file my_file_10.pdb (PDB, C-alpha atoms and all ligand atoms)
ATOM      1  CA  MET A 297      -6.308 -18.788  12.451
ATOM      2  CA  LYS A 298      -7.272 -15.155  13.072
ATOM      3  CA  LEU A 299      -5.061 -12.283  11.940
ATOM      4  CA  VAL A 300      -5.628  -8.561  12.239
ATOM      5  CA  PHE A 301      -4.840  -6.500   9.154
ATOM      6  CA  ALA A 302      -4.104  -3.024  10.527
ATOM      7  CA  THR A 303      -6.170  -0.947   8.115
ATOM      8  CA  HIS A 304      -9.449   0.986   7.885
ATOM      9  CA  ASN A 305      -9.099   1.229   4.087
ATOM     10  CA  LYS A 306     -11.905  -0.851   2.541
ATOM     11  CA  ASN A 307     -10.201  -0.951  -0.885
ATOM     12  CA  LYS A 308      -7.083  -2.446   0.611
ATOM     13  CA  LEU A 309      -9.020  -4.915   2.749
ATOM     14  CA  GLN A 310     -10.814  -6.200  -0.375
ATOM     15  CA  GLU A 311      -7.554  -6.516  -2.323
ATOM     16  CA  VAL A 312      -5.990  -8.484   0.527
ATOM     17  CA  GLN A 313      -9.008 -10.647   1.329
ATOM     18  CA  ALA A 314      -9.249 -11.773  -2.306
ATOM     19  CA  LEU A 315      -5.702 -13.202  -2.143
ATOM     20  CA  PHE A 316      -5.827 -14.721   1.351
ATOM     21  CA  PRO A 317      -6.427 -18.446   2.070
ATOM     22  CA  LYS A 318      -9.981 -19.050   3.275
ATOM     23  CA  ASP A 319      -8.834 -20.760   6.506
ATOM     24  CA  ILE A 320      -7.362 -17.480   7.788
ATOM     25  CA  THR A 321      -9.955 -15.047   9.125
ATOM     26  CA  LEU A 322      -8.880 -11.468   8.535
ATOM     27  CA  LEU A 323     -10.020  -8.803  10.979
ATOM     28  CA  SER A 324      -9.740  -5.113  10.150
ATOM     29  CA  LEU A 325      -9.112  -2.337  12.699
ATOM     30  CA  ASP A 326     -12.859  -1.617  12.602
ATOM     31  CA  ASP A 327     -13.569  -5.286  13.456
ATOM     32  CA  ILE A 328     -11.414  -5.115  16.618
ATOM     33  CA  GLY A 329     -12.797  -1.711  17.656
ATOM     34  CA  CYS A 330      -9.591   0.225  17.040
ATOM     35  CA  PHE A 331     -10.689   3.678  15.936
ATOM     36  CA  GLU A 332      -7.821   5.780  17.274
ATOM     37  CA  GLU A 333      -5.227   7.186  14.886
ATOM     38  CA  ILE A 334      -2.133   4.945  14.868
ATOM     39  CA  PRO A 335       1.004   7.107  14.768
ATOM     40  CA  GLU A 336       2.923   6.836  11.482
ATOM     41  CA  THR A 337       5.881   8.957  12.514
ATOM     42  CA  ALA A 338       8.786   6.905  11.158
ATOM     43  CA  ASP A 339      10.813   8.341   8.293
ATOM     44  CA  THR A 340      10.857   5.112   6.275
ATOM     45  CA  ILE A 341       8.168   2.859   4.785
ATOM     46  CA  ASP A 342       9.529  -0.137   6.730
ATOM     47  CA  GLY A 343       9.510   1.879   9.960
ATOM     48  CA  ASN A 344       5.855   2.868   9.600
ATOM     49  CA  ALA A 345       4.739  -0.701   8.843
ATOM     50  CA  ILE A 346       6.549  -1.860  12.011
ATOM     51  CA  LEU A 347       5.024   0.968  14.099
ATOM     52  CA  LYS A 348       1.490   0.050  13.009
ATOM     53  CA  ALA A 349       1.925  -3.709  13.596
ATOM     54  CA  ASN A 350       3.503  -3.131  17.015
ATOM     55  CA  PHE A 351       0.707  -0.756  18.032
ATOM     56  CA  VAL A 352      -1.944  -3.447  17.425
ATOM     57  CA  LYS A 353       0.143  -6.082  19.190
ATOM     58  CA  GLU A 354       0.715  -3.882  22.258
ATOM     59  CA  HIS A 355      -2.821  -2.537  22.600
ATOM     60  CA  TYR A 356      -4.950  -5.460  21.384
ATOM     61  CA  HIS A 357      -2.646  -8.476  22.048
ATOM     62  CA  MET A 358      -3.495 -10.125  18.734
ATOM     63  CA  ASP A 359      -1.362 -11.502  15.925
ATOM     64  CA  CYS A 360      -1.409  -8.949  13.159
ATOM     65  CA  PHE A 361       0.197  -7.476  10.084
ATOM     66  CA  ALA A 362       0.386  -3.922   8.802
ATOM     67  CA  ASP A 363       1.426  -2.533   5.450
ATOM     68  CA  ASP A 364       2.907   0.738   4.409
ATOM     69  CA  THR A 365       3.339   1.881   0.822
ATOM     70  CA  GLY A 366       5.186   4.667  -0.906
ATOM     71  CA  LEU A 367       5.348   5.890  -4.489
ATOM     72  CA  GLU A 368       8.979   6.633  -5.368
ATOM     73  CA  VAL A 369       9.485   8.855  -8.429
ATOM     74  CA  LYS A 370      12.964   8.853  -9.930
ATOM     75  CA  ALA A 371      12.981  12.432 -11.259
ATOM     76  CA  LEU A 372      11.817  13.647  -7.825
ATOM     77  CA  ASN A 373      14.623  11.863  -5.970
ATOM     78  CA  GLY A 374      12.279   9.208  -4.560
ATOM     79  CA  GLU A 375       9.529  11.613  -3.477
ATOM     80  CA  PRO A 376       6.717  11.403  -2.396
ATOM     81  CA  GLY A 377       7.963   8.113  -0.834
ATOM     82  CA  VAL A 378       7.088   7.860   2.832
ATOM     83  CA  HIS A 379       5.028  11.083   2.424
ATOM     84  CA  SER A 380       2.745   9.627  -0.296
ATOM     85  CA  ALA A 381      -0.519   9.904   1.682
ATOM     86  CA  ARG A 382       0.095  13.523   2.682
ATOM     87  CA  TYR A 383       2.024  14.780  -0.356
ATOM     88  CA  ALA A 384      -0.323  17.755  -0.903
ATOM     89  CA  GLY A 385      -0.996  18.401   2.803
ATOM     90  CA  THR A 386      -2.168  16.771   6.005
ATOM     91  CA  HIS A 387      -5.703  16.156   4.731
ATOM     92  CA  LYS A 388      -4.774  12.976   2.756
ATOM     93  CA  ASP A 389      -6.502  14.149  -0.435
ATOM     94  CA  ASN A 390      -5.852  11.695  -3.298
ATOM     95  CA  GLU A 391      -6.847  14.111  -6.068
ATOM     96  CA  ALA A 392      -4.720  16.949  -4.674
ATOM     97  CA  ASN A 393      -1.783  14.508  -4.343
ATOM     98  CA  ILE A 394      -2.110  13.549  -8.017
ATOM     99  CA  ASP A 395      -2.361  17.213  -9.065
ATOM    100  CA  LYS A 396       0.831  18.035  -7.172
ATOM    101  CA  LEU A 397       2.651  15.037  -8.657
ATOM    102  CA  LEU A 398       1.645  15.943 -12.229
ATOM    103  CA  ALA A 399       2.643  19.577 -11.675
ATOM    104  CA  ASN A 400       6.057  18.562 -10.296
ATOM    105  CA  LEU A 401       6.643  16.293 -13.302
ATOM    106  CA  GLU A 402       5.545  18.799 -15.919
ATOM    107  CA  ASN A 403       8.089  18.927 -18.764
ATOM    108  CA  ARG A 404      10.103  16.093 -17.220
ATOM    109  CA  GLU A 405      11.300  13.447 -19.682
ATOM    110  CA  ASN A 406      11.946  10.809 -17.065
ATOM    111  CA  ARG A 407       8.625   9.608 -15.605
ATOM    112  CA  GLU A 408       9.916   6.353 -14.086
ATOM    113  CA  ALA A 409       8.423   5.461 -10.724
ATOM    114  CA  ARG A 410       7.864   2.515  -8.465
ATOM    115  CA  PHE A 411       5.467   1.552  -5.733
ATOM    116  CA  LYS A 412       6.999  -0.174  -2.746
ATOM    117  CA  THR A 413       4.968  -1.987  -0.107
ATOM    118  CA  VAL A 414       6.385  -3.321   3.128
ATOM    119  CA  ILE A 415       4.325  -5.657   5.312
ATOM    120  CA  ALA A 416       5.329  -6.089   8.956
ATOM    121  CA  LEU A 417       4.009  -9.296  10.562
ATOM    122  CA  ASN A 418       3.802  -9.930  14.307
ATOM    123  CA  LEU A 419       3.079 -13.620  14.783
ATOM    124  CA  GLU A 420       3.466 -15.539  18.029
ATOM    125  CA  GLY A 421       6.273 -13.276  19.215
ATOM    126  CA  HIS A 422       8.121 -13.208  15.885
ATOM    127  CA  GLU A 423       8.499 -10.059  13.782
ATOM    128  CA  LEU A 424       9.036 -10.382  10.038
ATOM    129  CA  LEU A 425       9.073  -8.058   7.007
ATOM    130  CA  PHE A 426       7.829  -8.807   3.471
ATOM    131  CA  THR A 427       8.433  -6.466   0.532
ATOM    132  CA  GLY A 428       6.847  -6.012  -2.900
ATOM    133  CA  VAL A 429       7.891  -3.582  -5.626
ATOM    134  CA  CYS A 430       6.096  -2.591  -8.845
ATOM    135  CA  GLU A 431       8.052  -0.619 -11.457
ATOM    136  CA  GLY A 432       6.218   1.678 -13.871
ATOM    137  CA  THR A 433       5.717   5.205 -15.153
ATOM    138  CA  ILE A 434       3.675   8.254 -14.203
ATOM    139  CA  LEU A 435       1.195   9.156 -16.955
ATOM    140  CA  LYS A 436       0.679  12.747 -18.100
ATOM    141  CA  GLU A 437      -3.020  12.602 -17.222
ATOM    142  CA  ARG A 438      -5.482  10.432 -15.291
ATOM    143  CA  LYS A 439      -6.732   7.204 -16.908
ATOM    144  CA  GLY A 440      -9.470   4.986 -15.415
ATOM    145  CA  GLU A 441     -11.926   5.096 -12.566
ATOM    146  CA  HIS A 442     -10.878   2.083 -10.481
ATOM    147  CA  GLY A 443      -8.705   1.869  -7.406
ATOM    148  CA  PHE A 444      -7.515   4.651  -5.139
ATOM    149  CA  GLY A 445      -4.529   6.864  -4.359
ATOM    150  CA  TYR A 446      -2.286   7.383  -7.396
ATOM    151  CA  ASP A 447      -3.812   4.488  -9.400
ATOM    152  CA  ALA A 448      -5.152   6.715 -12.208
ATOM    153  CA  VAL A 449      -1.682   8.041 -13.102
ATOM    154  CA  PHE A 450       0.471   4.936 -12.531
ATOM    155  CA  GLN A 451       1.070   2.480 -15.361
ATOM    156  CA  PRO A 452       3.050  -0.647 -14.494
ATOM    157  CA  ASN A 453       5.749  -1.804 -16.930
ATOM    158  CA  ASN A 454       4.558  -4.419 -19.452
ATOM    159  CA  SER A 455       0.992  -3.108 -19.332
ATOM    160  CA  GLU A 456      -1.055  -0.904 -21.646
ATOM    161  CA  LYS A 457      -3.364   0.044 -18.785
ATOM    162  CA  SER A 458      -2.993   2.245 -15.745
ATOM    163  CA  PHE A 459      -3.858   0.734 -12.355
ATOM    164  CA  GLY A 460      -6.971   2.921 -12.543
ATOM    165  CA  GLU A 461      -8.157   0.985 -15.595
ATOM    166  CA  MET A 462      -7.705  -2.423 -13.974
ATOM    167  CA  GLU A 463     -10.160  -4.502 -12.016
ATOM    168  CA  MET A 464      -8.878  -5.411  -8.569
ATOM    169  CA  GLU A 465      -7.730  -8.920  -9.561
ATOM    170  CA  GLU A 466      -5.724  -7.679 -12.534
ATOM    171  CA  LYS A 467      -4.096  -4.958 -10.430
ATOM    172  CA  SER A 468      -3.103  -7.492  -7.752
ATOM    173  CA  LYS A 469      -1.200  -9.578 -10.332
ATOM    174  CA  HIS A 470       1.158  -6.661 -11.023
ATOM    175  CA  SER A 471       0.995  -4.687  -7.839
ATOM    176  CA  HIS A 472       3.498  -3.992  -5.084
ATOM    177  CA  ARG A 473       0.895  -4.988  -2.461
ATOM    178  CA  GLY A 474       0.026  -8.191  -4.371
ATOM    179  CA  LYS A 475       3.698  -9.186  -4.446
ATOM    180  CA  ALA A 476       4.319  -8.413  -0.777
ATOM    181  CA  LEU A 477       1.147 -10.309   0.127
ATOM    182  CA  ARG A 478       2.088 -13.364  -1.869
ATOM    183  CA  ASN A 479       5.395 -13.424   0.053
ATOM    184  CA  LEU A 480       3.468 -13.166   3.333
ATOM    185  CA  ILE A 481       0.968 -15.884   2.321
ATOM    186  CA  GLU A 482       3.780 -18.213   1.222
ATOM    187  CA  TYR A 483       5.357 -17.775   4.661
ATOM    188  CA  LEU A 484       2.067 -18.379   6.512
ATOM    189  CA  ALA A 485       1.423 -21.540   4.489
ATOM    190  CA  LYS A 486       4.696 -23.113   5.707
TER     191      LYS A 486
HETATM  192  P1  LIG B   1      -0.456   3.422   2.757
HETATM  193  O1  LIG B   1       0.808   3.389   3.508
HETATM  194  O2  LIG B   1      -0.806   2.069   2.203
HETATM  195  O3  LIG B   1      -1.582   4.080   3.480
HETATM  196  O4  LIG B   1      -0.197   4.280   1.449
HETATM  197  C1  LIG B   1       0.211   5.628   1.488
HETATM  198  C2  LIG B   1      -0.346   6.347   0.280
HETATM  199  O5  LIG B   1       0.221   5.782  -0.897
HETATM  200  C3  LIG B   1      -1.856   6.233   0.109
HETATM  201  O6  LIG B   1      -2.537   7.256   0.770
HETATM  202  C4  LIG B   1      -2.026   6.365  -1.389
HETATM  203  O7  LIG B   1      -2.015   7.718  -1.748
HETATM  204  C5  LIG B   1      -0.769   5.714  -1.918
HETATM  205  N1  LIG B   1      -1.000   4.287  -2.255
HETATM  206  C6  LIG B   1      -0.805   3.198  -1.479
HETATM  207  N2  LIG B   1      -1.113   2.079  -2.134
HETATM  208  C7  LIG B   1      -1.531   2.472  -3.353
HETATM  209  C8  LIG B   1      -2.008   1.759  -4.498
HETATM  210  O8  LIG B   1      -2.101   0.527  -4.533
HETATM  211  N3  LIG B   1      -2.340   2.506  -5.561
HETATM  212  C9  LIG B   1      -2.250   3.874  -5.577
HETATM  213  N4  LIG B   1      -1.836   4.577  -4.546
HETATM  214  C10 LIG B   1      -1.468   3.881  -3.427
END

call {"tool": "encode", "arguments": {"input": "my_file_10.pdb", "output": "C-alpha cells"}}
result
Amino acid sequence: MKLVFATHNKNKLQEVQALFPKDITLLSLDDIGCFEEIPETADTIDGNAILKANFVKEHYHMDCFADDTGLEVKALNGEPGVHSARYAGTHKDNEANIDKLLANLENRENREARFKTVIALNLEGHELLFTGVCEGTILKERKGEHGFGYDAVFQPNNSEKSFGEMEMEEKSKHSHRGKALRNLIEYLAK
C-alpha cells in the first residue's frame, strides 16, 4: 500500500516512518512533486489537517494523511494553538517563537501546556480523524539540542527530560504525534 504523508518536514517524516509498518510505503510531498504552498487557513487544528489532506486528494488523486499540531498553553488561554508555527510572525522562525513564548510566560506560576496533533486520513473515499495529546510544562529556558519547534522548552509529564533532550524514539513514546500515529496505524492494520 502507498500513502502520501502531506509534509515537507524531514524531522516529522523520520518520526513517522520509524513507527510505520514496513508494508506501507510512505511518500512525502517532495516525493509526489508537490512543491506549492498548501493553504492552512482554517481556525482550528482539525480544520487545517483536513484542508491539507483534501488538497492532496483533489490535486494528486492519492490516498493520503496530513497532520496539524498546536501547542496549547493554559496561562495563555490556549495560545499559540493553531498559530504555533507563526507565533512570532509569518516567517515560521522556531527560535523567535520560543523567545516570544518564554517572554509571555515570564513571572507566570502556571506553566502547564499540551501539544495536540490531529491526523486527517483520506482513504478510498473515507475521511477519518485521529488525535493525540501530550500534557506537560513549559520550561524557563531551553534544554537539549534534538528535535524541532518548541521541543527545547517542552517537558512532558512523568519525564525528567525535555523533548529537546530526547532521541526521536524516546520522544515518540510520549509525544502527541506518536499517539495520534499509533491510533492511525491501529486503524490501518484492521
Ligand atoms: P505543524 O502543524 O505540525 O506544522 O506544527 C505547527 C508548529 O507547531 C510547528 O511549526 C512547530 O513550531 C510546532 N510543533 C509541531 N510539532 C511539534 C513537536 O513535535 N515538537 C515541537 N514543536 C512542534

call {"tool": "resolve_selection", "arguments": {"input": "my_file_10.pdb", "expression": "the PyMOL selection byres (((chain A and resi 426) around 9) and not hetatm)", "output": "PyMOL selection string"}}
result
chain A and resi 413-417+424-425+427-428+475-477+479-480

call {"tool": "closest_residue", "arguments": {"input": "my_file_10.pdb", "among": "A:Tyr356, A:Phe411, A:Phe361, A:Phe351", "to": "Gly377 in chain A", "atoms": "only C-alpha atoms"}}
result
A:Phe411

call {"tool": "residues_around", "arguments": {"input": "my_file_10.pdb", "residues": "Tyr383 in chain A", "least_positions_apart": "3", "cutoff": "12 Å", "atoms": "all atoms listed in the file", "output": "VMD selection string"}}
result
chain A and resid 366 to 368 375 to 380 386 to 398 400 445 to 446

call {"tool": "write_last_selection", "arguments": {"input": "my_file_10.pdb", "atoms": "C-alpha atoms", "output": "PDB file, keeping the file's coordinate frame"}}
result
ATOM      1  CA  GLY A 366       5.186   4.667  -0.906  1.00  0.00           C
ATOM      2  CA  LEU A 367       5.348   5.890  -4.489  1.00  0.00           C
ATOM      3  CA  GLU A 368       8.979   6.633  -5.368  1.00  0.00           C
ATOM      4  CA  GLU A 375       9.529  11.613  -3.477  1.00  0.00           C
ATOM      5  CA  PRO A 376       6.717  11.403  -2.396  1.00  0.00           C
ATOM      6  CA  GLY A 377       7.963   8.113  -0.834  1.00  0.00           C
ATOM      7  CA  VAL A 378       7.088   7.860   2.832  1.00  0.00           C
ATOM      8  CA  HIS A 379       5.028  11.083   2.424  1.00  0.00           C
ATOM      9  CA  SER A 380       2.745   9.627  -0.296  1.00  0.00           C
ATOM     10  CA  THR A 386      -2.168  16.771   6.005  1.00  0.00           C
ATOM     11  CA  HIS A 387      -5.703  16.156   4.731  1.00  0.00           C
ATOM     12  CA  LYS A 388      -4.774  12.976   2.756  1.00  0.00           C
ATOM     13  CA  ASP A 389      -6.502  14.149  -0.435  1.00  0.00           C
ATOM     14  CA  ASN A 390      -5.852  11.695  -3.298  1.00  0.00           C
ATOM     15  CA  GLU A 391      -6.847  14.111  -6.068  1.00  0.00           C
ATOM     16  CA  ALA A 392      -4.720  16.949  -4.674  1.00  0.00           C
ATOM     17  CA  ASN A 393      -1.783  14.508  -4.343  1.00  0.00           C
ATOM     18  CA  ILE A 394      -2.110  13.549  -8.017  1.00  0.00           C
ATOM     19  CA  ASP A 395      -2.361  17.213  -9.065  1.00  0.00           C
ATOM     20  CA  LYS A 396       0.831  18.035  -7.172  1.00  0.00           C
ATOM     21  CA  LEU A 397       2.651  15.037  -8.657  1.00  0.00           C
ATOM     22  CA  LEU A 398       1.645  15.943 -12.229  1.00  0.00           C
ATOM     23  CA  ASN A 400       6.057  18.562 -10.296  1.00  0.00           C
ATOM     24  CA  GLY A 445      -4.529   6.864  -4.359  1.00  0.00           C
ATOM     25  CA  TYR A 446      -2.286   7.383  -7.396  1.00  0.00           C
TER      26      TYR A 446
END

call {"tool": "residues_around", "arguments": {"input": "my_file_10.pdb", "residues": "Phe450 in chain A", "least_positions_apart": "5", "cutoff": "8 Å", "atoms": "all atoms listed in the file", "output": "ChimeraX atom specification"}}
result
/A:432-435,458-460

call {"tool": "closest_residue", "arguments": {"input": "my_file_10.pdb", "among": "A:Asn454, A:Asn406, A:Ser468, A:Asn418", "to": "ligand LIG 1 (chain B)", "atoms": "all atoms listed in the file"}}
result
A:Ser468

call {"tool": "axis_aligned_box", "arguments": {"input": "my_file_10.pdb", "around": "range 454-471 of chain A", "padding_each_side": "4 Å", "output": "AutoDock Vina command-line options"}}
result
--center_x -2.8 --center_y -3.3 --center_z -14.7 --size_x 22.7 --size_y 20.5 --size_z 21.9

call {"tool": "closest_residue", "arguments": {"input": "my_file_10.pdb", "among": "A:Leu484, A:Leu419, A:Leu299, A:Met464", "to": "ligand LIG 1 (chain B)", "atoms": "all atoms listed in the file"}}
result
A:Met464

call {"tool": "closest_residue", "arguments": {"input": "my_file_10.pdb", "among": "A:Ala485, A:Leu322, A:Asn403, A:Leu309", "to": "Ala371 in chain A", "atoms": "all atoms listed in the file"}}
result
A:Asn403

call {"tool": "closest_residue", "arguments": {"input": "my_file_10.pdb", "among": "A:Thr340, A:Lys348, A:His355, A:Cys430", "to": "Gly474 in chain A", "atoms": "all atoms listed in the file"}}
result
A:Cys430

call {"tool": "closest_residue", "arguments": {"input": "my_file_10.pdb", "among": "A:Arg407, A:His472, A:Lys412, A:Arg438", "to": "Val312 in chain A", "atoms": "only C-alpha atoms"}}
result
A:His472

call {"tool": "residues_around", "arguments": {"input": "my_file_10.pdb", "residues": "Ala302 in chain A", "least_positions_apart": "6", "cutoff": "9 Å", "atoms": "only C-alpha atoms", "output": "PyMOL selection string"}}
result
chain A and resi 323-325+348-349+352+360-363

call {"tool": "atom_distance", "arguments": {"input": "my_file_10.pdb", "atom1": "CA of Ile481 in chain A", "atom2": "CA of Glu465 in chain A"}}
result
16.3 Å

call {"tool": "atom_distance", "arguments": {"input": "my_file_10.pdb", "atom1": "CA of Ala384 in chain A", "atom2": "atom P1 of ligand LIG 1 (chain B)"}}
result
14.8 Å

call {"tool": "atom_distance", "arguments": {"input": "my_file_10.pdb", "atom1": "atom C4 of ligand LIG 1 (chain B)", "atom2": "CA of Arg473 in chain A"}}
result
11.8 Å

call {"tool": "residues_around", "arguments": {"input": "my_file_10.pdb", "residues": "Met462 in chain A", "least_positions_apart": "6", "cutoff": "8 Å", "atoms": "all atoms listed in the file", "output": "MDAnalysis selection string"}}
result
chainID A and resid 440 442:443

call {"tool": "resolve_selection", "arguments": {"input": "my_file_10.pdb", "expression": "the PyMOL selection byres (((chain A and resi 336) around 10) and not hetatm)", "output": "list of chain:residue names"}}
result
A:Glu333, A:Ile334, A:Pro335, A:Thr337, A:Ala338, A:Asp339, A:Thr340, A:Ile341, A:Gly343, A:Asn344, A:Ala345, A:Ile346, A:Leu347, A:Lys348, A:Asp364, A:Val378
